[in-house]
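Shown next: final32.cif, given as mmCIF, C-alpha atoms.
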data_run
loop_
_atom_site.group_PDB
_atom_site.id
_atom_site.type_symbol
_atom_site.label_atom_id
_atom_site.label_comp_id
_atom_site.auth_asym_id
_atom_site.auth_seq_id
_atom_site.Cartn_x
_atom_site.Cartn_y
_atom_site.Cartn_z
ATOM 1 C CA MET A 86 238.581 195.490 -5.788
ATOM 2 C CA LYS A 87 237.394 198.641 -4.144
ATOM 3 C CA ASN A 88 235.217 198.319 -1.021
ATOM 4 C CA PHE A 89 235.679 194.566 -0.634
ATOM 5 C CA GLN A 90 236.522 193.853 2.996
ATOM 6 C CA ARG A 91 236.015 190.792 5.168
ATOM 7 C CA LYS A 92 236.292 190.174 8.897
ATOM 8 C CA ASP A 93 237.541 186.587 8.563
ATOM 9 C CA LEU A 94 240.915 186.542 6.862
ATOM 10 C CA MET A 95 241.681 182.959 7.904
ATOM 11 C CA PHE A 96 238.955 181.196 5.917
ATOM 12 C CA SER A 97 238.075 182.627 2.532
ATOM 13 C CA LEU A 98 234.719 183.553 1.126
ATOM 14 C CA CYS A 99 234.885 180.524 -1.209
ATOM 15 C CA GLY A 100 236.259 177.992 1.306
ATOM 16 C CA LEU A 101 240.033 178.184 0.999
ATOM 17 C CA ASN A 102 242.116 177.930 4.154
ATOM 18 C CA CYS A 103 243.990 181.228 3.837
ATOM 19 C CA GLU A 104 245.562 180.723 7.257
ATOM 20 C CA LEU A 105 247.382 177.665 5.848
ATOM 21 C CA CYS A 106 248.550 179.312 2.652
ATOM 22 C CA THR A 107 252.269 179.748 2.116
ATOM 23 C CA MET A 108 251.586 182.990 0.199
ATOM 24 C CA LYS A 109 249.920 184.433 3.303
ATOM 25 C CA LEU A 110 252.626 183.066 5.606
ATOM 26 C CA ASP A 111 255.201 184.928 3.513
ATOM 27 C CA ASN A 112 253.092 188.117 3.636
ATOM 28 C CA TYR A 113 252.455 188.134 -0.135
ATOM 29 C CA CYS A 114 248.690 187.948 0.339
ATOM 30 C CA PRO A 115 246.640 189.179 3.297
ATOM 31 C CA GLY A 116 243.766 186.794 2.533
ATOM 32 C CA CYS A 117 240.603 187.522 0.635
ATOM 33 C CA GLY A 118 239.195 190.899 1.542
ATOM 34 C CA GLY A 119 242.215 191.939 3.545
ATOM 35 C CA GLY A 120 243.288 194.840 1.385
ATOM 36 C CA ALA A 121 245.880 194.242 -1.310
ATOM 37 C CA GLY A 122 246.038 190.800 -2.880
ATOM 38 C CA ASN A 123 243.533 188.885 -4.955
ATOM 39 C CA GLN A 124 241.028 191.697 -5.189
ATOM 40 C CA GLY A 125 239.956 190.902 -8.765
ATOM 41 C CA CYS A 126 238.248 187.683 -7.688
ATOM 42 C CA ALA A 127 234.923 186.925 -9.421
ATOM 43 C CA ILE A 128 233.575 185.394 -6.218
ATOM 44 C CA ALA A 129 234.430 188.569 -4.285
ATOM 45 C CA ARG A 130 232.537 190.613 -6.899
ATOM 46 C CA CYS A 131 229.608 188.229 -6.519
ATOM 47 C CA SER A 132 229.688 188.684 -2.731
ATOM 48 C CA LEU A 133 229.404 192.446 -3.156
ATOM 49 C CA GLN A 134 226.447 191.960 -5.504
ATOM 50 C CA HIS A 135 224.760 189.727 -2.908
ATOM 51 C CA GLY A 136 224.983 192.031 0.088
ATOM 52 C CA ASN A 137 228.660 191.480 0.965
ATOM 53 C CA ILE A 138 228.102 188.025 2.437
ATOM 54 C CA GLU A 139 230.999 186.669 4.512
ATOM 55 C CA TYR A 140 230.891 183.079 3.136
ATOM 56 C CA CYS A 141 229.355 181.800 -0.072
ATOM 57 C CA TYR A 142 227.366 179.140 1.769
ATOM 58 C CA LEU A 143 225.301 181.986 3.264
ATOM 59 C CA CYS A 144 224.024 182.882 -0.202
ATOM 60 C CA ASN A 145 220.625 181.579 -1.321
ATOM 61 C CA GLU A 146 222.174 180.619 -4.666
ATOM 62 C CA TYR A 147 224.988 178.495 -3.168
ATOM 63 C CA PRO A 148 226.338 176.316 -4.648
ATOM 64 C CA CYS A 149 226.147 178.234 -7.893
ATOM 65 C CA GLU A 150 227.766 177.780 -11.295
ATOM 66 C CA LYS A 151 231.011 179.331 -9.993
ATOM 67 C CA TYR A 152 231.592 176.179 -7.956
ATOM 68 C CA LYS A 153 231.357 173.734 -10.834
ATOM 69 C CA GLY A 154 234.726 171.946 -10.882
ATOM 70 C CA ILE A 155 236.267 174.416 -8.422
ATOM 71 C CA ASP A 156 238.038 171.668 -6.483
ATOM 72 C CA GLU A 157 239.518 169.862 -9.513
ATOM 73 C CA PHE A 158 242.605 172.043 -9.921
ATOM 74 C CA ASP A 159 244.760 174.009 -7.537
ATOM 75 C CA SER A 160 246.409 177.400 -7.623
ATOM 76 C CA PHE A 161 249.190 178.171 -5.134
ATOM 77 C CA ILE A 162 246.993 176.564 -2.453
ATOM 78 C CA THR A 163 245.122 173.298 -2.703
ATOM 79 C CA HIS A 164 241.460 173.529 -3.646
ATOM 80 C CA ARG A 165 240.689 169.813 -3.128
ATOM 81 C CA ASN A 166 238.911 170.226 0.209
ATOM 82 C CA GLN A 167 237.401 173.609 -0.607
ATOM 83 C CA LEU A 168 233.777 172.464 -0.790
ATOM 84 C CA LYS A 169 234.228 169.922 2.004
ATOM 85 C CA ASP A 170 235.815 172.559 4.257
ATOM 86 C CA MET A 171 233.024 175.035 3.539
ATOM 87 C CA LYS A 172 230.467 172.361 4.434
ATOM 88 C CA LYS A 173 232.364 171.628 7.656
ATOM 89 C CA ALA A 174 232.527 175.337 8.580
ATOM 90 C CA GLN A 175 228.811 175.644 7.936
ATOM 91 C CA LYS A 176 228.094 172.581 10.092
ATOM 92 C CA ILE A 177 230.330 173.320 13.116
ATOM 93 C CA GLY A 178 230.347 177.106 12.799
ATOM 94 C CA THR A 179 233.127 179.353 11.610
ATOM 95 C CA GLU A 180 234.360 180.068 15.129
ATOM 96 C CA GLN A 181 235.037 176.368 15.781
ATOM 97 C CA TYR A 182 236.365 175.900 12.243
ATOM 98 C CA ASN A 183 238.776 178.813 12.670
ATOM 99 C CA SER A 184 239.876 177.396 16.007
ATOM 100 C CA GLU A 185 240.919 174.222 14.168
ATOM 101 C CA LEU A 186 242.598 176.345 11.477
ATOM 102 C CA ILE A 187 244.656 178.081 14.158
ATOM 103 C CA GLU A 188 245.807 174.703 15.497
ATOM 104 C CA LYS A 189 246.685 173.565 11.984
ATOM 105 C CA ALA A 190 248.540 176.828 11.342
ATOM 106 C CA GLU A 191 250.625 176.270 14.488
ATOM 107 C CA ILE A 192 251.495 172.779 13.230
ATOM 108 C CA LEU A 193 252.470 174.217 9.847
ATOM 109 C CA LYS A 194 254.655 176.885 11.486
ATOM 110 C CA HIS A 195 256.295 174.178 13.625
ATOM 111 C CA LEU A 196 257.018 172.079 10.540
ATOM 112 C CA LEU A 197 258.453 175.025 8.641
ATOM 113 C CA ALA A 198 260.617 176.098 11.572
ATOM 114 C CA ASN A 199 261.974 172.628 12.360
ATOM 115 C CA TYR A 200 261.710 170.395 9.276
ATOM 116 C CA ASN A 201 261.900 172.620 6.205
ATOM 117 C CA ASP A 202 265.201 172.075 4.436
ATOM 118 C CA GLY A 203 264.388 174.884 2.016
ATOM 119 C CA ARG A 204 262.355 172.677 -0.320
ATOM 120 C CA ARG A 205 259.363 171.587 1.770
ATOM 121 C CA LYS A 206 257.206 174.677 2.308
ATOM 122 C CA SER A 207 254.634 173.822 -0.370
ATOM 123 C CA PHE A 208 254.632 170.153 0.623
ATOM 124 C CA PHE A 209 253.922 170.931 4.272
ATOM 125 C CA GLY A 210 251.291 173.514 3.290
ATOM 126 C CA ILE A 211 249.459 170.976 1.136
ATOM 127 C CA ALA A 212 249.731 168.237 3.760
ATOM 128 C CA VAL A 213 248.399 170.412 6.590
ATOM 129 C CA ASN A 214 245.515 171.530 4.366
ATOM 130 C CA LEU A 215 244.502 168.038 3.247
ATOM 131 C CA LEU A 216 244.956 165.957 6.392
ATOM 132 C CA ASP A 217 242.631 166.287 9.343
ATOM 133 C CA LEU A 218 243.779 167.742 12.642
ATOM 134 C CA HIS A 219 243.778 164.393 14.476
ATOM 135 C CA ASP A 220 246.071 162.856 11.842
ATOM 136 C CA LEU A 221 248.352 165.896 11.931
ATOM 137 C CA LYS A 222 248.766 165.650 15.696
ATOM 138 C CA ASN A 223 249.644 161.953 15.387
ATOM 139 C CA ILE A 224 252.121 162.686 12.592
ATOM 140 C CA ILE A 225 253.854 165.362 14.678
ATOM 141 C CA GLU A 226 254.186 162.875 17.552
ATOM 142 C CA GLN A 227 255.714 160.315 15.176
ATOM 143 C CA ILE A 228 258.112 162.851 13.685
ATOM 144 C CA ASN A 229 259.172 164.086 17.115
ATOM 145 C CA SER A 230 259.749 160.548 18.393
ATOM 146 C CA LYS A 231 261.862 159.622 15.338
ATOM 147 C CA THR A 232 263.975 162.785 15.391
ATOM 148 C CA ALA A 233 264.242 163.736 19.076
ATOM 149 C CA TYR A 234 267.062 161.471 20.220
ATOM 150 C CA GLU A 235 269.175 161.315 17.109
ATOM 151 C CA SER A 236 271.475 164.027 15.875
ATOM 152 C CA LEU A 237 270.088 164.465 12.396
ATOM 153 C CA THR A 238 270.795 167.156 9.873
ATOM 154 C CA LEU A 239 267.913 169.376 8.821
ATOM 155 C CA LYS A 240 267.756 167.522 5.508
ATOM 156 C CA GLU A 241 267.516 164.180 7.329
ATOM 157 C CA LYS A 242 264.781 165.546 9.619
ATOM 158 C CA ALA A 243 262.890 166.842 6.569
ATOM 159 C CA ASN A 244 263.139 163.408 4.934
ATOM 160 C CA VAL A 245 261.794 161.710 8.067
ATOM 161 C CA ALA A 246 258.866 164.145 8.200
ATOM 162 C CA VAL A 247 258.067 163.773 4.496
ATOM 163 C CA THR A 248 258.184 159.968 4.719
ATOM 164 C CA ILE A 249 255.748 159.925 7.640
ATOM 165 C CA PHE A 250 253.402 162.377 5.918
ATOM 166 C CA GLN A 251 253.513 160.366 2.672
ATOM 167 C CA THR A 252 252.787 157.104 4.515
ATOM 168 C CA VAL A 253 249.744 158.512 6.325
ATOM 169 C CA ALA A 254 248.495 160.271 3.184
ATOM 170 C CA GLU A 255 248.756 157.040 1.153
ATOM 171 C CA GLN A 256 246.750 155.199 3.810
ATOM 172 C CA LYS A 257 244.052 157.889 3.429
ATOM 173 C CA ASN A 258 244.276 157.878 -0.410
ATOM 174 C CA ILE A 259 245.462 161.488 -0.406
ATOM 175 C CA VAL A 260 248.030 162.747 -2.903
ATOM 176 C CA LEU A 261 250.252 165.442 -1.434
ATOM 177 C CA LYS A 262 250.835 167.396 -4.641
ATOM 178 C CA LEU A 263 249.023 170.324 -6.209
ATOM 179 C CA ASN A 264 246.619 169.354 -9.000
ATOM 180 C CA LYS A 265 247.758 171.541 -11.864
ATOM 181 C CA LYS A 266 245.655 172.102 -14.945
ATOM 182 C CA HIS A 267 247.528 170.844 -17.981
ATOM 183 C CA ALA A 268 247.918 173.276 -20.857
ATOM 184 C CA LYS A 269 245.894 172.408 -23.925
ATOM 185 C CA LYS A 270 247.948 171.357 -26.922
#
Can you present the structure in this file as structure tokens?
Amino acid sequence: MKNFQRKDLMFSLCGLNCELCTMKLDNYCPGCGGGAGNQGCAIARCSLQHGNIEYCYLCNEYPCEKYKGIDEFDSFITHRNQLKDMKKAQKIGTEQYNSELIEKAEILKHLLANYNDGRRKSFFGIAVNLLDLHDLKNIIEQINSKTAYESLTLKEKANVAVTIFQTVAEQKNIVLKLNKKHAKK
């Protein structure tokens, strides 16, 4: 969309964690308002109509009809915490929120560099998005302690990491899969 630019390319206008998106990590998408990419977004058009606001929560009409059911289904990135994350960013400020996003992004990069057996990128992206930073730091410690002194293959390391993530997620009642909308029959 012409003339749609944003300063913050880590945290989207609508509350998605672009910095934790595997599409952005692979340079397929620069993040909302970063040039090429998802420029046809209805929420981006709405932002332009409302004075080019940086985050939807800054709009007097937020939350509007566009947010009804927005966190029920996912695209290539999880939407489950979208509203919760936007509320958190509003509460603690986007600078602090982005600081946490940077820490989470470093954890995701570490996981992808050391525990991705070629089939775990989406899993790790979802997990880092849905779990809080404190839990992620504890999980990394557990993974490191279980893999540091054994000579494991990459596949074995990936399995250890996935098992630990799944265990913590289950304790928190979090499902580490994208919620896909089922096609109507």
(request) Could you give me, as JSON, numbers by chain, the residues within 10 Å of Asn183 of chain A, counting only C-alpha atoms and dropping anything in the same chain fewer than 2 positions from it? (result) {"A": [93, 94, 95, 96, 102, 104, 174, 178, 179, 180, 181, 185, 186, 187, 188, 189]}
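Every residue that the PyMOL selection byres ((chain A and resi 249-255) around 8) selects in this file is listed here: A:Ala212, A:Leu216, A:Asp220, A:Ile224, A:Gln227, A:Ile228, A:Val245, A:Ala246, A:Val247, A:Thr248, A:Gln256, A:Lys257, A:Asn258, A:Ile259, A:Val260, A:Leu261.
For the residues A:Asn112, A:Gln90, A:Thr238, A:Thr163, ranking by smallest atom-to-atom distance to Asn264 of chain A using only C-alpha atoms places A:Thr163 first.
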(request) Report as a ChimeraX atom specification the residues that result from applying the PyMOL selection byres ((chain A and resi 97) around 10) to the structure here. (result) /A:91,93-96,98-104,116-118,129,139-141,167,171
Would you mind exporting C-alpha atoms of the selected residues as a compact mmCIF listing (two decimals), in the frame of the given file?
# COMPACT_ATOMS: atom_id res chain seq x y z
CA ARG A 91 236.02 190.79 5.17
CA ASP A 93 237.54 186.59 8.56
CA LEU A 94 240.92 186.54 6.86
CA MET A 95 241.68 182.96 7.90
CA PHE A 96 238.96 181.20 5.92
CA LEU A 98 234.72 183.55 1.13
CA CYS A 99 234.88 180.52 -1.21
CA GLY A 100 236.26 177.99 1.31
CA LEU A 101 240.03 178.18 1.00
CA ASN A 102 242.12 177.93 4.15
CA CYS A 103 243.99 181.23 3.84
CA GLU A 104 245.56 180.72 7.26
CA GLY A 116 243.77 186.79 2.53
CA CYS A 117 240.60 187.52 0.64
CA GLY A 118 239.20 190.90 1.54
CA ALA A 129 234.43 188.57 -4.28
CA GLU A 139 231.00 186.67 4.51
CA TYR A 140 230.89 183.08 3.14
CA CYS A 141 229.36 181.80 -0.07
CA GLN A 167 237.40 173.61 -0.61
CA MET A 171 233.02 175.04 3.54
(message) Using all atoms listed in the file, which protein or nucleic acid residues come within 10 Å of Lys194 of chain A? Drop anything in the same chain fewer than 4 positions from it, and give the result as a list of chain:residue names.
(response) A:Leu105, A:Leu110, A:Glu188, A:Lys189, A:Ala190, A:Ala198, A:Asn199, A:Tyr200, A:Asn201, A:Lys206, A:Phe209, A:Gly210
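Counting only C-alpha atoms and comparing A:Thr107, A:Ser236, A:Asn223, A:Asn244, the residue that lies closest to Ser160 of chain A is A:Thr107.
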